[in-house]
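Here is query-v3.cif, consisting of mmCIF, C-alpha atoms:
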data_coords
loop_
_atom_site.group_PDB
_atom_site.id
_atom_site.type_symbol
_atom_site.label_atom_id
_atom_site.label_comp_id
_atom_site.auth_asym_id
_atom_site.auth_seq_id
_atom_site.Cartn_x
_atom_site.Cartn_y
_atom_site.Cartn_z
ATOM 1 C CA MET A 1 -7.864 -3.292 24.770
ATOM 2 C CA PRO A 2 -6.954 -6.307 26.917
ATOM 3 C CA VAL A 3 -10.244 -6.591 28.750
ATOM 4 C CA ASP A 4 -12.125 -9.885 28.595
ATOM 5 C CA ASP A 5 -15.362 -9.244 26.767
ATOM 6 C CA PRO A 6 -17.756 -12.190 26.447
ATOM 7 C CA SER A 7 -20.637 -9.711 26.280
ATOM 8 C CA GLY A 8 -19.673 -8.568 22.799
ATOM 9 C CA LEU A 9 -18.671 -4.996 23.591
ATOM 10 C CA HIS A 10 -15.515 -5.396 21.543
ATOM 11 C CA GLY A 11 -15.378 -5.621 17.777
ATOM 12 C CA ALA A 12 -13.472 -4.122 14.895
ATOM 13 C CA GLU A 13 -15.881 -1.202 14.523
ATOM 14 C CA THR A 14 -15.852 -0.383 18.239
ATOM 15 C CA ASP A 15 -12.064 -0.622 18.422
ATOM 16 C CA ALA A 16 -11.714 1.644 15.401
ATOM 17 C CA VAL A 17 -13.989 4.286 16.925
ATOM 18 C CA TYR A 18 -12.107 4.244 20.227
ATOM 19 C CA ASP A 19 -8.699 4.260 18.543
ATOM 20 C CA ARG A 20 -9.735 7.265 16.449
ATOM 21 C CA ALA A 21 -10.843 9.058 19.623
ATOM 22 C CA GLY A 22 -7.418 8.487 21.152
ATOM 23 C CA PHE A 23 -8.550 6.329 24.077
ATOM 24 C CA GLY A 24 -6.689 3.473 25.717
ATOM 25 C CA ALA A 25 -3.217 4.875 26.416
ATOM 26 C CA THR A 26 -1.185 3.096 29.085
ATOM 27 C CA VAL A 27 -1.289 4.550 32.600
ATOM 28 C CA PRO A 28 2.085 5.338 34.222
ATOM 29 C CA ARG A 29 2.887 3.363 37.370
ATOM 30 C CA GLY A 30 4.443 5.375 40.136
ATOM 31 C CA GLN A 31 6.771 4.304 42.911
ATOM 32 C CA CYS A 32 4.268 5.162 45.657
ATOM 33 C CA PRO A 33 0.986 3.314 45.138
ATOM 34 C CA ALA A 34 -1.894 2.930 47.558
ATOM 35 C CA LEU A 35 -4.421 0.092 47.531
ATOM 36 C CA VAL A 36 -8.076 1.128 47.817
ATOM 37 C CA VAL A 37 -10.454 -1.736 48.630
ATOM 38 C CA VAL A 38 -13.944 -0.499 47.792
ATOM 39 C CA ASP A 39 -16.959 -1.677 49.798
ATOM 40 C CA LEU A 40 -16.039 -5.322 50.341
ATOM 41 C CA THR A 41 -18.446 -5.383 53.257
ATOM 42 C CA ARG A 42 -20.725 -8.280 54.078
ATOM 43 C CA GLY A 43 -23.710 -6.463 52.619
ATOM 44 C CA PHE A 44 -22.057 -6.703 49.206
ATOM 45 C CA THR A 45 -19.993 -9.897 49.423
ATOM 46 C CA GLU A 46 -22.579 -12.287 50.884
ATOM 47 C CA PRO A 47 -25.739 -13.281 48.968
ATOM 48 C CA GLY A 48 -27.832 -13.398 52.146
ATOM 49 C CA PHE A 49 -28.004 -9.605 52.255
ATOM 50 C CA PRO A 50 -30.440 -7.655 50.006
ATOM 51 C CA SER A 51 -27.596 -5.758 48.330
ATOM 52 C CA GLY A 52 -25.213 -8.723 48.247
ATOM 53 C CA ALA A 53 -23.896 -11.405 45.915
ATOM 54 C CA ASP A 54 -21.469 -14.282 46.306
ATOM 55 C CA LEU A 55 -18.146 -12.505 45.800
ATOM 56 C CA THR A 56 -15.954 -15.242 47.284
ATOM 57 C CA ALA A 57 -13.551 -15.243 44.329
ATOM 58 C CA GLU A 58 -13.261 -11.464 44.318
ATOM 59 C CA VAL A 59 -12.658 -11.273 48.079
ATOM 60 C CA THR A 60 -9.974 -13.938 47.760
ATOM 61 C CA ALA A 61 -8.295 -11.903 45.018
ATOM 62 C CA ALA A 62 -8.546 -8.713 47.096
ATOM 63 C CA ALA A 63 -6.971 -10.522 50.047
ATOM 64 C CA ALA A 64 -4.032 -11.430 47.809
ATOM 65 C CA LEU A 65 -3.639 -7.759 46.921
ATOM 66 C CA VAL A 66 -3.654 -6.798 50.594
ATOM 67 C CA THR A 67 -0.947 -9.392 51.311
ATOM 68 C CA ALA A 68 1.163 -8.013 48.469
ATOM 69 C CA ALA A 69 0.636 -4.463 49.706
ATOM 70 C CA ARG A 70 1.891 -5.430 53.142
ATOM 71 C CA ARG A 71 4.976 -6.997 51.579
ATOM 72 C CA GLY A 72 5.677 -3.870 49.567
ATOM 73 C CA GLU A 73 4.842 -1.530 52.473
ATOM 74 C CA VAL A 74 2.016 -0.005 50.475
ATOM 75 C CA PRO A 75 -0.813 1.666 52.447
ATOM 76 C CA VAL A 76 -4.195 -0.065 52.400
ATOM 77 C CA VAL A 77 -7.432 1.939 52.482
ATOM 78 C CA TYR A 78 -10.781 0.207 52.930
ATOM 79 C CA THR A 79 -14.098 1.896 52.222
ATOM 80 C CA ALA A 80 -17.624 1.138 53.393
ATOM 81 C CA ILE A 81 -21.060 2.634 52.850
ATOM 82 C CA SER A 82 -22.724 3.341 56.192
ATOM 83 C CA TYR A 83 -25.920 5.249 56.909
ATOM 84 C CA THR A 84 -27.202 6.582 60.206
ATOM 85 C CA ALA A 85 -30.732 5.671 61.235
ATOM 86 C CA ALA A 86 -31.888 9.156 60.242
ATOM 87 C CA GLU A 87 -30.347 8.768 56.798
ATOM 88 C CA ALA A 88 -31.611 5.225 56.253
ATOM 89 C CA ASP A 89 -35.157 5.991 57.399
ATOM 90 C CA GLY A 90 -35.452 9.527 56.088
ATOM 91 C CA ASP A 91 -35.568 11.237 52.705
ATOM 92 C CA GLY A 92 -32.400 13.305 52.911
ATOM 93 C CA VAL A 93 -30.136 11.050 50.837
ATOM 94 C CA ALA A 94 -31.150 11.285 47.190
ATOM 95 C CA TRP A 95 -29.424 8.039 46.209
ATOM 96 C CA LEU A 96 -31.664 6.093 48.589
ATOM 97 C CA ARG A 97 -34.726 7.279 46.689
ATOM 98 C CA LYS A 98 -33.355 5.588 43.581
ATOM 99 C CA ALA A 99 -31.856 2.560 45.339
ATOM 100 C CA PRO A 100 -33.975 1.971 48.463
ATOM 101 C CA GLY A 101 -32.408 -1.446 49.005
ATOM 102 C CA MET A 102 -29.278 0.361 50.162
ATOM 103 C CA ARG A 103 -31.160 1.521 53.264
ATOM 104 C CA SER A 104 -30.138 -1.776 54.854
ATOM 105 C CA LEU A 105 -26.534 -0.522 55.059
ATOM 106 C CA ARG A 106 -26.962 0.915 58.544
ATOM 107 C CA GLU A 107 -24.067 1.874 60.758
ATOM 108 C CA GLY A 108 -23.223 -0.813 63.281
ATOM 109 C CA SER A 109 -25.027 -3.553 61.359
ATOM 110 C CA ASP A 110 -23.511 -6.767 59.976
ATOM 111 C CA ALA A 111 -24.123 -5.437 56.459
ATOM 112 C CA VAL A 112 -21.542 -2.658 56.817
ATOM 113 C CA ALA A 113 -18.883 -4.819 58.498
ATOM 114 C CA LEU A 114 -15.829 -5.557 56.380
ATOM 115 C CA ASP A 115 -15.757 -9.098 55.017
ATOM 116 C CA PRO A 116 -13.992 -11.144 57.737
ATOM 117 C CA ARG A 117 -11.882 -12.894 55.082
ATOM 118 C CA LEU A 118 -9.978 -9.644 54.606
ATOM 119 C CA ASP A 119 -6.983 -8.910 56.812
ATOM 120 C CA PHE A 120 -7.967 -5.537 58.233
ATOM 121 C CA ARG A 121 -5.389 -4.165 60.682
ATOM 122 C CA ASP A 122 -5.201 -1.139 62.944
ATOM 123 C CA SER A 123 -2.584 0.344 60.615
ATOM 124 C CA ASP A 124 -5.063 0.318 57.721
ATOM 125 C CA HIS A 125 -7.365 3.223 56.910
ATOM 126 C CA LEU A 126 -11.165 3.028 56.771
ATOM 127 C CA VAL A 127 -13.195 5.610 54.848
ATOM 128 C CA LEU A 128 -16.957 5.705 55.447
ATOM 129 C CA LYS A 129 -19.052 7.111 52.637
ATOM 130 C CA LYS A 130 -22.621 7.889 51.671
ATOM 131 C CA GLY A 131 -22.359 7.724 47.887
ATOM 132 C CA ALA A 132 -20.833 5.630 45.136
ATOM 133 C CA SER A 133 -17.411 7.249 44.859
ATOM 134 C CA ALA A 134 -15.010 6.828 47.764
ATOM 135 C CA PHE A 135 -13.878 10.398 47.047
ATOM 136 C CA HIS A 136 -17.270 12.121 47.152
ATOM 137 C CA GLY A 137 -17.832 13.858 50.464
ATOM 138 C CA THR A 138 -14.858 12.167 52.145
ATOM 139 C CA GLY A 139 -11.238 12.991 52.919
ATOM 140 C CA LEU A 140 -9.834 10.240 50.694
ATOM 141 C CA ALA A 141 -8.028 12.539 48.265
ATOM 142 C CA ALA A 142 -6.336 14.379 51.114
ATOM 143 C CA LEU A 143 -5.469 11.087 52.806
ATOM 144 C CA LEU A 144 -3.843 9.686 49.661
ATOM 145 C CA THR A 145 -1.917 12.919 49.159
ATOM 146 C CA GLY A 146 -0.758 12.814 52.757
ATOM 147 C CA LEU A 147 0.407 9.240 52.276
ATOM 148 C CA GLY A 148 2.473 10.382 49.299
ATOM 149 C CA ALA A 149 0.574 8.208 46.843
ATOM 150 C CA ASP A 150 1.033 8.796 43.118
ATOM 151 C CA THR A 151 -0.893 5.731 41.932
ATOM 152 C CA VAL A 152 -4.153 4.217 43.172
ATOM 153 C CA VAL A 153 -4.860 0.511 42.762
ATOM 154 C CA VAL A 154 -8.614 -0.070 42.999
ATOM 155 C CA CYS A 155 -10.552 -3.251 43.689
ATOM 156 C CA GLY A 156 -13.867 -4.137 45.298
ATOM 157 C CA ALA A 157 -17.598 -3.914 44.643
ATOM 158 C CA THR A 158 -19.548 -3.247 42.687
ATOM 159 C CA THR A 159 -17.653 -2.898 39.430
ATOM 160 C CA SER A 160 -20.346 -0.894 37.669
ATOM 161 C CA GLY A 161 -21.125 1.265 40.682
ATOM 162 C CA CYS A 162 -18.752 2.177 43.477
ATOM 163 C CA VAL A 163 -15.592 0.781 41.846
ATOM 164 C CA ARG A 164 -16.226 2.656 38.624
ATOM 165 C CA ALA A 165 -17.126 5.896 40.418
ATOM 166 C CA THR A 166 -14.060 5.639 42.654
ATOM 167 C CA ALA A 167 -11.706 4.948 39.752
ATOM 168 C CA VAL A 168 -13.086 7.863 37.727
ATOM 169 C CA ASP A 169 -12.708 10.213 40.681
ATOM 170 C CA ALA A 170 -9.224 8.875 41.413
ATOM 171 C CA VAL A 171 -7.925 9.933 38.014
ATOM 172 C CA GLN A 172 -9.860 13.205 38.237
ATOM 173 C CA SER A 173 -8.101 13.805 41.568
ATOM 174 C CA GLY A 174 -4.714 13.488 39.873
ATOM 175 C CA PHE A 175 -3.772 9.883 40.612
ATOM 176 C CA ASN A 176 -2.621 7.307 38.085
ATOM 177 C CA THR A 177 -5.275 4.619 38.421
ATOM 178 C CA LEU A 178 -5.205 0.836 38.034
ATOM 179 C CA VAL A 179 -8.230 -1.451 38.414
ATOM 180 C CA VAL A 180 -7.673 -5.139 39.181
ATOM 181 C CA ARG A 181 -9.967 -7.287 37.065
ATOM 182 C CA GLU A 182 -10.234 -10.429 39.209
ATOM 183 C CA ALA A 183 -10.665 -8.437 42.418
ATOM 184 C CA CYS A 184 -13.765 -6.538 41.234
ATOM 185 C CA GLY A 185 -17.239 -8.006 41.444
ATOM 186 C CA ASP A 186 -20.806 -7.156 40.523
ATOM 187 C CA ARG A 187 -24.284 -8.645 40.723
ATOM 188 C CA ALA A 188 -24.401 -9.383 36.995
ATOM 189 C CA ARG A 189 -21.797 -10.026 34.300
ATOM 190 C CA GLY A 190 -23.053 -7.477 31.755
ATOM 191 C CA PRO A 191 -22.608 -4.357 33.919
ATOM 192 C CA HIS A 192 -19.286 -5.721 35.185
ATOM 193 C CA ASP A 193 -17.893 -6.174 31.670
ATOM 194 C CA ALA A 194 -19.225 -2.837 30.440
ATOM 195 C CA ALA A 195 -17.689 -0.977 33.389
ATOM 196 C CA LEU A 196 -14.271 -2.577 32.904
ATOM 197 C CA PHE A 197 -14.377 -1.828 29.184
ATOM 198 C CA ASP A 198 -15.177 1.833 29.781
ATOM 199 C CA LEU A 199 -12.666 2.245 32.596
ATOM 200 C CA HIS A 200 -9.881 0.713 30.530
ATOM 201 C CA ALA A 201 -10.696 2.909 27.557
ATOM 202 C CA LYS A 202 -10.890 6.268 29.311
ATOM 203 C CA TYR A 203 -9.765 6.368 32.921
ATOM 204 C CA ALA A 204 -7.550 3.530 34.148
ATOM 205 C CA ASP A 205 -5.573 0.467 33.193
ATOM 206 C CA VAL A 206 -7.555 -2.688 33.910
ATOM 207 C CA ILE A 207 -4.888 -5.197 34.894
ATOM 208 C CA GLY A 208 -4.702 -8.828 35.989
ATOM 209 C CA LEU A 209 -4.256 -10.038 39.545
ATOM 210 C CA ASP A 210 -0.743 -11.416 39.025
ATOM 211 C CA ASP A 211 0.402 -8.129 37.516
ATOM 212 C CA ALA A 212 -1.076 -6.159 40.417
ATOM 213 C CA VAL A 213 0.447 -8.460 43.048
ATOM 214 C CA THR A 214 3.883 -8.062 41.470
ATOM 215 C CA TYR A 215 3.508 -4.289 41.301
ATOM 216 C CA LEU A 216 2.303 -3.842 44.880
ATOM 217 C CA GLY A 217 4.881 -6.194 46.349
ATOM 218 C CA ALA A 218 7.848 -4.867 44.372
ATOM 219 C CA PRO A 219 11.014 -5.058 46.494
ATOM 220 C CA ASP A 220 12.295 -1.670 45.313
ATOM 221 C CA ARG A 221 9.655 -0.092 47.538
ATOM 222 C CA ALA A 222 10.802 -1.954 50.633
ATOM 223 C CA GLY A 223 11.439 0.396 53.513
ATOM 224 C CA ARG A 224 8.830 2.934 52.451
ATOM 225 C CA LYS A 225 7.061 4.244 55.505
ATOM 226 C CA VAL A 226 3.359 3.503 55.737
ATOM 227 C CA SER A 227 1.483 6.133 57.737
#
Represent the supplied structure as structure tokens.
Amino acid sequence: MPVDDPSGLHGAETDAVYDRAGFGATVPRGQCPALVVVDLTRGFTEPGFPSGADLTAEVTAAAALVTAARRGEVPVVYTAISYTAAEADGDGVAWLRKAPGMRSLREGSDAVALDPRLDFRDSDHLVLKKGASAFHGTGLAALLTGLGADTVVVCGATTSGCVRATAVDAVQSGFNTLVVREACGDRARGPHDAALFDLHAKYADVIGLDDAVTYLGAPDRAGRKVS
């Protein structure tokens, strides 16, 4: 599996087990992709926030994907976690009992604002969510279907959390799924590598930035209407 693995997850024995299980087939690439940028908000991309890390390189890579998507007339969907005051201060959201640091992601705060280095436009879509997956409890699946998407290209943060959950739900919702390695970031390398390894084995193709840019900006999709 072509996933960088300095953490030692790969090896002849591991590869043999996964090959025997029939994992790792190549994902088809449709003619109507959509780009889903997961949670590249300041609360995740800047180290000054409790839930954040320095994701400068990953944001730069995601920005390149957005530029390519515009060139190829591919729809761009951003996601953000945002809690109301009642949710952030109360006990009604189970995830916040496990990860109380996420309570800082309050609606209207700087933490939930999209990273300003991303080119968000009025023609882009923004999905607000309460959990890890961008599909859980949102209209994302219906939106992608309405846009005519057959393939979802996923990037964002964090690799082991919201990116992984979104990619798994994307394929479970019937979309061919690609995850862009350089445009995904996490707080630590181990969880990042493990998530990419597992995604590439079972749910998605983990691909490089250059490959994704070429795919999204392909001229044979020029003229496709973006809703």
Report task. Would you kindly return, as a PyMOL selection string, each protein, DNA or RNA residue with an atom no farther than 10 Å from any atom of region 141-146 of chain A, considering only C-alpha atoms and excluding same-chain residues fewer than 5 positions away? Result -> chain A and resi 33-36+75+77+125+127+134-136+151-152+169-170+173-175+227
Requested in this report: Kindly resolve the PyMOL selection byres ((chain A and resi 113) around 6) on the present coordinates and return the residues as a ChimeraX atom specification.
Outcome: /A:41-42,110-112,114
Taking all listed atoms of region 143-161 of chain A, build the axis-aligned box, pad each of the six sides by 4 Å, then write its centre and edge lengths in Å to one decimal as AutoDock Vina command-line options.
--center_x -9.3 --center_y 4.4 --center_z 45.2 --size_x 31.6 --size_y 25.1 --size_z 23.1
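Between CA of Val163 (chain A) and CA of Ser133 (chain A) the interatomic distance comes to 7.4 Å.
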Report task. Report as a PyMOL selection string the residues that result from applying the PyMOL selection byres ((chain A and resi 103) around 12) to the structure here. Result -> chain A and resi 43+49-51+81-102+104-107+109+111-112+130
Report task. Find the distance between CA of Leu147 (chain A) and CA of Leu209 (chain A) and write it in Å to one decimal. Result -> 23.6 Å
Requested in this report: Rank A:Thr14, A:Ala80, A:His200, A:Asp19 by their smallest atom-to-atom distance to Asp115 (chain A), using all atoms listed in the file, and report the top residue only.
Outcome: A:Ala80
Query raised in the report: Nearest to Thr45 (chain A): which of A:Leu118, A:Leu178, A:Ala68, A:Ala194 is it, counting all atoms listed in the file?
Result: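 Under the stated criterion, the closest residue is A:Leu118.
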Requested in this report: To one decimal in Å, tell me the separation between CA of Thr159 (chain A) and CA of Gly52 (chain A).
Outcome: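 Result for CA of Thr159 (chain A) versus CA of Gly52 (chain A): 13.0 Å, one decimal.
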Query raised in the report: What does the PyMOL selection byres ((chain A and resi 71) around 9) select in this file, as an MDAnalysis selection string?
Result: chainID A and resid 66:70 72:74 216:219 222
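Closest approach to Arg117 (chain A) among A:Gly190, A:Thr60, A:Leu199, A:Leu55: A:Thr60, based on only C-alpha atoms.
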**Report entry** From A:Gly22, A:Val27, A:Thr166, A:Thr158, residue lying nearest Gly137 (chain A) [all atoms listed in the file]
**Finding:**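 Among the listed residues, the smallest separation from Gly137 (chain A) belongs to A:Thr166.
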Query - A:Ala195, A:Thr56, A:Tyr215, A:Val38 ranked by distance to Val154 (chain A), top pick (using only C-alpha atoms) - result: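 Looking at the shortest contact to Val154 (chain A), the residue is A:Val38.
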For region 194-208 of chain A of the block above, can you save N, CA and C atoms as a PDB file, in the first residue's frame?
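Contents of the output file part17.pdb:
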ATOM      1  N   ALA A 194      -1.432   5.995  11.327  1.00  0.00           N
ATOM      2  CA  ALA A 194      -2.322   4.849  11.512  1.00  0.00           C
ATOM      3  C   ALA A 194      -3.647   5.052  10.784  1.00  0.00           C
ATOM      4  N   ALA A 195      -4.176   6.278  10.840  1.00  0.00           N
ATOM      5  CA  ALA A 195      -5.452   6.557  10.171  1.00  0.00           C
ATOM      6  C   ALA A 195      -5.315   6.425   8.662  1.00  0.00           C
ATOM      7  N   LEU A 196      -4.239   6.970   8.097  1.00  0.00           N
ATOM      8  CA  LEU A 196      -4.045   6.865   6.650  1.00  0.00           C
ATOM      9  C   LEU A 196      -3.861   5.411   6.223  1.00  0.00           C
ATOM     10  N   PHE A 197      -3.136   4.654   7.005  1.00  0.00           N
ATOM     11  CA  PHE A 197      -2.938   3.235   6.704  1.00  0.00           C
ATOM     12  C   PHE A 197      -4.283   2.509   6.653  1.00  0.00           C
ATOM     13  N   ASP A 198      -5.106   2.734   7.664  1.00  0.00           N
ATOM     14  CA  ASP A 198      -6.384   2.032   7.744  1.00  0.00           C
ATOM     15  C   ASP A 198      -7.353   2.493   6.658  1.00  0.00           C
ATOM     16  N   LEU A 199      -7.375   3.792   6.399  1.00  0.00           N
ATOM     17  CA  LEU A 199      -8.244   4.302   5.338  1.00  0.00           C
ATOM     18  C   LEU A 199      -7.855   3.716   3.997  1.00  0.00           C
ATOM     19  N   HIS A 200      -6.565   3.687   3.707  1.00  0.00           N
ATOM     20  CA  HIS A 200      -6.107   3.191   2.410  1.00  0.00           C
ATOM     21  C   HIS A 200      -6.384   1.694   2.252  1.00  0.00           C
ATOM     22  N   ALA A 201      -6.336   0.977   3.350  1.00  0.00           N
ATOM     23  CA  ALA A 201      -6.578  -0.463   3.281  1.00  0.00           C
ATOM     24  C   ALA A 201      -8.040  -0.798   3.033  1.00  0.00           C
ATOM     25  N   LYS A 202      -8.953  -0.050   3.661  1.00  0.00           N
ATOM     26  CA  LYS A 202     -10.345  -0.507   3.728  1.00  0.00           C
ATOM     27  C   LYS A 202     -11.391   0.410   3.114  1.00  0.00           C
ATOM     28  N   TYR A 203     -11.122   1.708   3.017  1.00  0.00           N
ATOM     29  CA  TYR A 203     -12.214   2.619   2.706  1.00  0.00           C
ATOM     30  C   TYR A 203     -11.969   3.571   1.537  1.00  0.00           C
ATOM     31  N   ALA A 204     -10.737   3.967   1.311  1.00  0.00           N
ATOM     32  CA  ALA A 204     -10.448   5.029   0.353  1.00  0.00           C
ATOM     33  C   ALA A 204      -9.090   4.787  -0.288  1.00  0.00           C
ATOM     34  N   ASP A 205      -8.806   5.543  -1.339  1.00  0.00           N
ATOM     35  CA  ASP A 205      -7.437   5.626  -1.833  1.00  0.00           C
ATOM     36  C   ASP A 205      -6.786   6.842  -1.192  1.00  0.00           C
ATOM     37  N   VAL A 206      -5.661   6.648  -0.535  1.00  0.00           N
ATOM     38  CA  VAL A 206      -4.872   7.763  -0.032  1.00  0.00           C
ATOM     39  C   VAL A 206      -3.913   8.154  -1.148  1.00  0.00           C
ATOM     40  N   ILE A 207      -4.063   9.378  -1.645  1.00  0.00           N
ATOM     41  CA  ILE A 207      -3.310   9.801  -2.822  1.00  0.00           C
ATOM     42  C   ILE A 207      -2.479  11.037  -2.503  1.00  0.00           C
ATOM     43  N   GLY A 208      -1.514  11.330  -3.373  1.00  0.00           N
ATOM     44  CA  GLY A 208      -0.649  12.483  -3.202  1.00  0.00           C
ATOM     45  C   GLY A 208      -1.292  13.763  -3.700  1.00  0.00           C
TER      46      GLY A 208
END
